[in-house]
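Novice: File model.cif follows (mmCIF, C-alpha atoms):
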data_work
#
loop_
_atom_site.label_atom_id
_atom_site.label_comp_id
_atom_site.auth_asym_id
_atom_site.auth_seq_id
_atom_site.Cartn_x
_atom_site.Cartn_y
_atom_site.Cartn_z
CA MET C 23 7.84 -0.14 6.20
CA THR C 24 5.21 -2.86 5.71
CA ILE C 25 1.63 -1.53 5.65
CA THR C 26 -0.86 -4.06 7.01
CA PHE C 27 -4.65 -3.79 7.05
CA ILE C 28 -6.54 -6.12 9.42
CA THR C 29 -10.31 -6.51 9.54
CA GLY C 30 -12.13 -7.24 12.80
CA ALA C 31 -9.08 -6.18 14.79
CA ASN C 32 -10.53 -4.42 17.82
CA LYS C 33 -10.39 -7.59 19.96
CA GLY C 34 -9.39 -11.25 20.06
CA LEU C 35 -7.15 -12.72 17.39
CA GLY C 36 -7.30 -9.60 15.23
CA TYR C 37 -6.19 -7.36 18.09
CA GLU C 38 -3.34 -9.67 19.09
CA THR C 39 -2.22 -9.92 15.47
CA ALA C 40 -2.19 -6.13 15.27
CA ARG C 41 -0.22 -5.86 18.52
CA ARG C 42 2.42 -8.33 17.38
CA LEU C 43 2.81 -6.76 13.96
CA VAL C 44 3.14 -3.26 15.42
CA GLU C 45 5.96 -4.70 17.55
CA ARG C 46 7.54 -6.05 14.36
CA GLY C 47 7.56 -2.59 12.84
CA HIS C 48 4.51 -2.83 10.58
CA THR C 49 2.33 0.19 9.98
CA VAL C 50 -0.92 -1.41 11.13
CA LEU C 51 -4.30 -0.19 9.96
CA LEU C 52 -6.79 -1.56 12.46
CA GLY C 53 -10.13 -2.21 10.79
CA ALA C 54 -13.28 -2.59 12.87
CA ARG C 55 -17.01 -2.09 12.52
CA ASP C 56 -17.41 -0.55 16.00
CA ALA C 57 -15.86 2.91 15.74
CA THR C 58 -15.56 3.45 19.50
CA ALA C 59 -13.92 0.09 20.21
CA GLY C 60 -11.79 0.26 17.07
CA ALA C 61 -10.44 3.74 17.77
CA ALA C 62 -9.65 2.83 21.39
CA ALA C 63 -7.86 -0.36 20.34
CA ALA C 64 -5.82 1.47 17.72
CA GLU C 65 -4.79 4.14 20.21
CA ARG C 66 -3.61 1.50 22.70
CA LEU C 67 -1.51 -0.23 20.05
CA GLY C 68 -0.10 2.71 18.14
CA ALA C 69 -2.06 1.70 15.04
CA ARG C 70 -4.38 3.76 12.85
CA PHE C 71 -8.09 3.01 13.02
CA VAL C 72 -10.04 2.58 9.79
CA ALA C 73 -13.79 2.00 10.00
CA VAL C 74 -14.95 -1.00 7.99
CA ASP C 75 -18.02 -3.23 7.99
CA VAL C 76 -17.20 -6.15 5.71
CA THR C 77 -20.90 -6.82 5.06
CA ASP C 78 -21.39 -3.37 3.52
CA ASP C 79 -20.04 -2.61 0.03
CA ALA C 80 -20.02 1.13 0.66
CA SER C 81 -18.18 0.76 3.96
CA VAL C 82 -15.50 -1.44 2.40
CA ALA C 83 -15.09 0.95 -0.53
CA ALA C 84 -14.78 3.88 1.89
CA ALA C 85 -12.12 2.01 3.89
CA ALA C 86 -10.08 1.34 0.76
CA ALA C 87 -10.41 4.99 -0.27
CA ASP C 88 -9.30 6.09 3.19
CA VAL C 89 -6.19 3.92 2.97
CA GLU C 90 -5.46 5.16 -0.53
CA ARG C 91 -5.59 8.77 0.68
CA HIS C 92 -3.38 8.19 3.72
CA GLU C 93 -0.97 5.35 2.88
CA GLY C 94 -1.39 4.94 -0.88
CA ALA C 95 -0.77 1.19 -0.83
CA VAL C 96 -1.15 -1.98 1.23
CA ASP C 97 1.44 -4.74 1.57
CA VAL C 98 -0.52 -7.20 3.69
CA LEU C 99 -4.29 -7.67 3.88
CA ILE C 100 -5.48 -9.87 6.75
CA ASN C 101 -9.12 -10.92 6.38
CA ASN C 102 -9.77 -11.69 10.03
CA ALA C 103 -13.35 -10.52 10.65
CA GLY C 104 -15.68 -13.42 11.34
CA VAL C 105 -18.82 -14.55 13.15
CA ALA C 106 -19.69 -17.90 14.68
CA GLY C 107 -23.39 -18.25 13.96
CA PRO C 108 -25.70 -20.80 15.59
CA HIS C 109 -24.25 -23.82 17.39
CA GLY C 110 -25.79 -27.17 18.20
CA ASP C 111 -28.74 -29.08 16.75
CA PRO C 112 -29.41 -27.73 13.23
CA SER C 113 -33.05 -28.86 13.18
CA SER C 114 -34.30 -25.29 13.36
CA LEU C 115 -31.45 -23.66 11.45
CA THR C 116 -32.71 -21.13 8.93
CA GLY C 117 -31.41 -20.00 5.58
CA ALA C 118 -31.22 -16.46 6.88
CA GLU C 119 -28.94 -17.54 9.74
CA VAL C 120 -26.60 -19.32 7.33
CA LEU C 121 -26.56 -16.40 4.91
CA ALA C 122 -25.65 -14.03 7.74
CA VAL C 123 -22.57 -16.11 8.57
CA LEU C 124 -21.56 -16.48 4.94
CA ASP C 125 -22.01 -12.74 4.43
CA VAL C 126 -19.24 -12.02 6.93
CA ASN C 127 -16.96 -15.06 6.67
CA VAL C 128 -16.97 -15.54 2.89
CA ALA C 129 -18.63 -12.66 1.04
CA GLY C 130 -16.94 -10.21 3.43
CA VAL C 131 -13.56 -11.57 2.39
CA VAL C 132 -14.50 -11.20 -1.28
CA ARG C 133 -15.69 -7.61 -0.78
CA THR C 134 -12.57 -6.60 1.10
CA THR C 135 -10.12 -8.37 -1.18
CA THR C 136 -11.69 -6.91 -4.31
CA ALA C 137 -11.64 -3.39 -2.87
CA PHE C 138 -8.04 -3.65 -1.70
CA LEU C 139 -6.54 -5.36 -4.76
CA PRO C 140 -5.56 -2.06 -6.44
CA LEU C 141 -3.69 -1.06 -3.26
CA LEU C 142 -2.05 -4.47 -2.94
CA ARG C 143 -0.86 -4.31 -6.55
CA ARG C 144 1.19 -1.25 -5.64
CA SER C 145 3.25 -3.35 -3.21
CA ALA C 146 6.54 -5.00 -4.09
CA ASP C 147 5.44 -8.10 -2.14
CA PRO C 148 1.64 -8.19 -1.78
CA VAL C 149 0.16 -10.67 0.66
CA VAL C 150 -3.41 -11.72 1.51
CA ILE C 151 -4.07 -13.86 4.59
CA ASN C 152 -7.51 -15.34 5.15
CA VAL C 153 -8.17 -16.43 8.72
CA SER C 154 -9.88 -19.76 8.19
CA SER C 155 -10.21 -22.70 10.59
CA GLY C 156 -9.62 -26.41 10.99
CA MET C 157 -13.35 -26.46 11.71
CA GLY C 158 -13.79 -26.34 7.94
CA SER C 159 -11.65 -29.43 7.35
CA LEU C 160 -13.33 -32.78 6.75
CA ALA C 161 -10.26 -34.56 8.07
CA ALA C 162 -10.13 -32.56 11.30
CA THR C 163 -13.85 -32.72 12.01
CA HIS C 164 -13.85 -36.51 11.53
CA ASP C 165 -10.78 -37.14 13.69
CA PRO C 166 -11.94 -38.00 17.25
CA SER C 167 -8.56 -36.96 18.65
CA ARG C 168 -9.13 -33.37 17.57
CA PRO C 169 -11.41 -30.85 19.32
CA GLU C 170 -12.96 -29.90 15.96
CA SER C 171 -14.67 -33.30 15.85
CA GLY C 172 -16.87 -32.54 18.85
CA ALA C 173 -18.27 -29.21 17.68
CA ILE C 174 -21.60 -28.74 15.92
CA ALA C 175 -21.58 -25.38 14.16
CA PRO C 176 -23.07 -25.94 10.72
CA ALA C 177 -22.93 -22.42 9.34
CA TYR C 178 -19.48 -21.61 10.71
CA THR C 179 -17.84 -24.85 9.58
CA ALA C 180 -19.37 -24.57 6.12
CA SER C 181 -18.18 -20.97 5.83
CA LYS C 182 -14.62 -21.88 6.75
CA ALA C 183 -14.54 -24.77 4.29
CA ALA C 184 -15.70 -22.29 1.65
CA LEU C 185 -13.09 -19.73 2.71
CA THR C 186 -10.20 -22.19 2.44
CA MET C 187 -11.30 -23.20 -1.05
CA LEU C 188 -11.81 -19.55 -1.97
CA THR C 189 -8.20 -18.96 -0.93
CA THR C 190 -6.88 -21.63 -3.28
CA GLN C 191 -8.93 -20.21 -6.15
CA TYR C 192 -7.62 -16.69 -5.60
CA ALA C 193 -4.06 -18.01 -5.34
CA LYS C 194 -4.38 -19.75 -8.71
CA ALA C 195 -5.99 -16.76 -10.39
CA LEU C 196 -3.68 -14.08 -8.95
CA PRO C 197 -0.12 -15.42 -9.15
CA GLY C 198 1.39 -12.01 -8.47
CA ILE C 199 -0.03 -11.98 -4.93
CA ARG C 200 0.80 -14.47 -2.18
CA ILE C 201 -2.59 -15.63 -0.87
CA ASN C 202 -2.84 -18.14 1.96
CA ALA C 203 -5.24 -19.34 4.66
CA ALA C 204 -4.40 -19.70 8.34
CA ASP C 205 -5.90 -21.96 10.99
CA PRO C 206 -5.43 -20.28 14.40
CA GLY C 207 -6.36 -23.49 16.25
CA TYR C 208 -8.58 -23.76 19.31
CA THR C 209 -7.76 -20.50 21.05
CA ALA C 210 -9.26 -18.91 24.15
CA THR C 211 -11.20 -15.87 22.89
CA ASP C 212 -14.63 -14.28 23.28
CA PHE C 213 -15.55 -16.27 20.17
CA ASN C 214 -15.70 -19.52 22.16
CA GLY C 215 -16.23 -18.25 25.69
CA HIS C 216 -12.48 -18.50 26.33
CA SER C 217 -12.71 -22.29 26.28
CA GLY C 218 -9.76 -22.95 23.98
CA PRO C 219 -6.50 -24.37 25.38
CA GLN C 220 -4.28 -22.05 23.31
CA THR C 221 -3.39 -18.51 24.32
CA VAL C 222 -4.35 -15.71 21.98
CA THR C 223 -0.67 -15.27 21.17
CA GLU C 224 -0.36 -18.92 20.15
CA GLY C 225 -3.53 -18.51 18.11
CA THR C 226 -1.94 -15.73 16.06
CA ASP C 227 1.34 -17.55 15.36
CA ALA C 228 0.28 -18.76 11.90
CA VAL C 229 -1.06 -15.38 10.79
CA VAL C 230 2.00 -13.50 12.04
CA ALA C 231 4.30 -16.02 10.33
CA LEU C 232 2.51 -15.54 7.01
CA ALA C 233 2.57 -11.76 7.39
CA THR C 234 6.30 -11.63 8.05
CA GLU C 235 7.80 -14.49 6.02
CA GLY C 236 8.86 -12.30 3.08
CA PRO C 237 9.11 -12.98 -0.66
CA GLY C 238 9.70 -16.39 -2.17
CA HIS C 239 7.18 -18.42 -0.22
CA GLY C 240 4.27 -20.30 -1.71
CA SER C 241 0.71 -19.25 -2.37
CA GLY C 242 -2.48 -21.27 -1.90
CA ARG C 243 -1.31 -22.84 1.36
CA PHE C 244 -3.26 -23.69 4.49
CA VAL C 245 -1.09 -23.33 7.59
CA ASP C 246 -1.36 -23.55 11.35
CA ARG C 247 1.17 -22.58 14.01
CA HIS C 248 3.18 -25.73 13.33
CA GLY C 249 3.46 -25.21 9.56
CA GLU C 250 1.68 -26.18 6.37
CA ILE C 251 -1.22 -28.60 6.71
CA ALA C 252 -3.29 -30.61 4.27
CA TRP C 253 -6.88 -29.57 3.79
CA SER C 254 -9.46 -32.19 2.99
#
Just give me the structure of the file as structure tokens.
Specialist:
Amino acid sequence: MTITFITGANKGLGYETARRLVERGHTVLLGARDATAGAAAAERLGARFVAVDVTDDASVAAAAADVERHEGAVDVLINNAGVAGPHGDPSSLTGAEVLAVLDVNVAGVVRTTTAFLPLLRRSADPVVINVSSGMGSLAATHDPSRPESGAIAPAYTASKAALTMLTTQYAKALPGIRINAADPGYTATDFNGHSGPQTVTEGTDAVVALATEGPGHGSGRFVDRHGEIAWS
């Protein structure tokens, strides 16, 4: 049975990903910072809750140790936890605000991936999926036909550009692990005030596809629900 650990999975895209993968027969470890919300979400889904705050080295290490004690390995790591940060006019944007976003969206992925690599290496088909965004694509944010072009979110967009590049670097450096980035697309969640035109199920299509595609597929890809996309 495939063992899948998902960060930030007590609501939104992470929760829906967990729900769909439980339905597919995965043993889902639902990671969340909020213990009350995380435990309740896991109980509803038939998953196991694991406390994790991706901004805290000790918390991430404790989560990995917990999984090692209970499951002994991880087949799929889904780095889903993320924050939006300030939107709009960046005239008063501070370094501290940007660092707070990067701490979750980029450094949090590094912390979690590093901590879980020993568990992933015990899998016959280890997979890492980083939930990125078309908001980090120069092409998408400059295309007036796409919703990404109308958004001003300096810290978030910069963090997702960094995360997609981080994904390609990990994929090159760790050829024994399939490491890819997913763009959920503009999905109605709490993250955007439920303004997106996609359902939360549609928004998880790319992540679920990467988590269930099986051996033999490529690493270092950036995909959305329609397939592989160029990142520029």
Novice: Please provide the set of residues having any atom within 7 Å of C:Ala95, restricted to only C-alpha atoms, with same-chain residues fewer than 5 positions apart removed, written as a list in words.
Specialist: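 Those residues are Glu90, Leu141, Leu142, Arg144 and Ser145 of chain C.
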Novice: Could you tell me, as a PyMOL selection string, exactly which residues end up selected when the PyMOL selection byres ((chain C and resi 195-201) around 8) is applied to this structure?
Specialist: chain C and resi 143+147-152+189-194+202-203+239-243
Novice: Just how far from atom CA of C:Asp56 is atom CA of C:Ala73, in Å to one decimal?
Specialist: 7.5 Å
Novice: Pick out the closest residue to C:Val74 from this set: C:Gly225, C:Gly104, C:Gly53, C:Gly207. Count only C-alpha atoms.
Specialist: C:Gly53
Novice: So how far away is atom CA of C:Met187 from atom CA of C:His48, in Å?
Specialist: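 Interatomic distance here is 28.3 Å.
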Novice: State, in Å with one decimal place, the distance from atom CA of C:Thr77 to atom CA of C:Thr134.
Specialist: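 Separating atom CA of C:Thr77 from atom CA of C:Thr134 is a distance of 9.2 Å.
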Novice: Skipping near chain neighbours, those fewer than 6 positions away, what residues fall within 6 Å of stretch 244-251 of chain C using all atoms listed in the file, listed as a ChimeraX atom specification?
Specialist: /C:203-205,227-228
Novice: Name all residues at most 6 Å from stretch 161-178 of chain C (count only C-alpha atoms; drop same-chain ones fewer than 4 positions away) and give them as an NGL selection string.
Specialist: :C and (106 or 109-110 or 120 or 157 or 254)
Novice: Within 8 Å of C:Leu185, counting all atoms listed in the file, which residues show up once you throw out same-chain ones fewer than 3 positions away? Write them as a ChimeraX atom specification, please.
Specialist: /C:127-128,152,154,181-182,188-189
Novice: Give as an MDAnalysis selection string the set of residues within 12 Å of the point (-13.0, 3.8, 3.2), where distances use the file's coordinates and all atoms listed in the file.
Specialist: chainID C and resid 27 51 53:55 71:76 78:92 134 137:138
Novice: Got a sec: who's within 7 Å of stretch 29-43 of chain C, counting only C-alpha atoms, leaving out chain neighbours fewer than 3 positions off, as a PyMOL selection string?
Specialist: chain C and resi 46-48+50+52-54+59-60+63+67+100-103+211-212+222-223+225-226+230
Novice: Find, counting all atoms listed in the file, the residue in C:Val96, C:Ala62, C:Val229, C:Val105 that gets nearest to C:Pro140.
Specialist: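 Of the candidates, the smallest distance to C:Pro140 is held by C:Val96.
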Novice: May I have the centre and edge lengths, in Å to one decimal, of an axis-aligned box around the listed atoms of stretch 82-98 of chain C with 4 Å added to every side, as AutoDock Vina command-line options?
Specialist:
--center_x -7.0 --center_y 0.8 --center_z 1.5 --size_x 24.9 --size_y 24.0 --size_z 12.8
Novice: Between C:Gly68, C:Pro237, C:Pro206, C:Gly107, which has the minimum distance to C:Ser155 (counting all atoms listed in the file)?
Specialist: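 Using all atoms listed in the file, the shortest distance to C:Ser155 belongs to C:Pro206.
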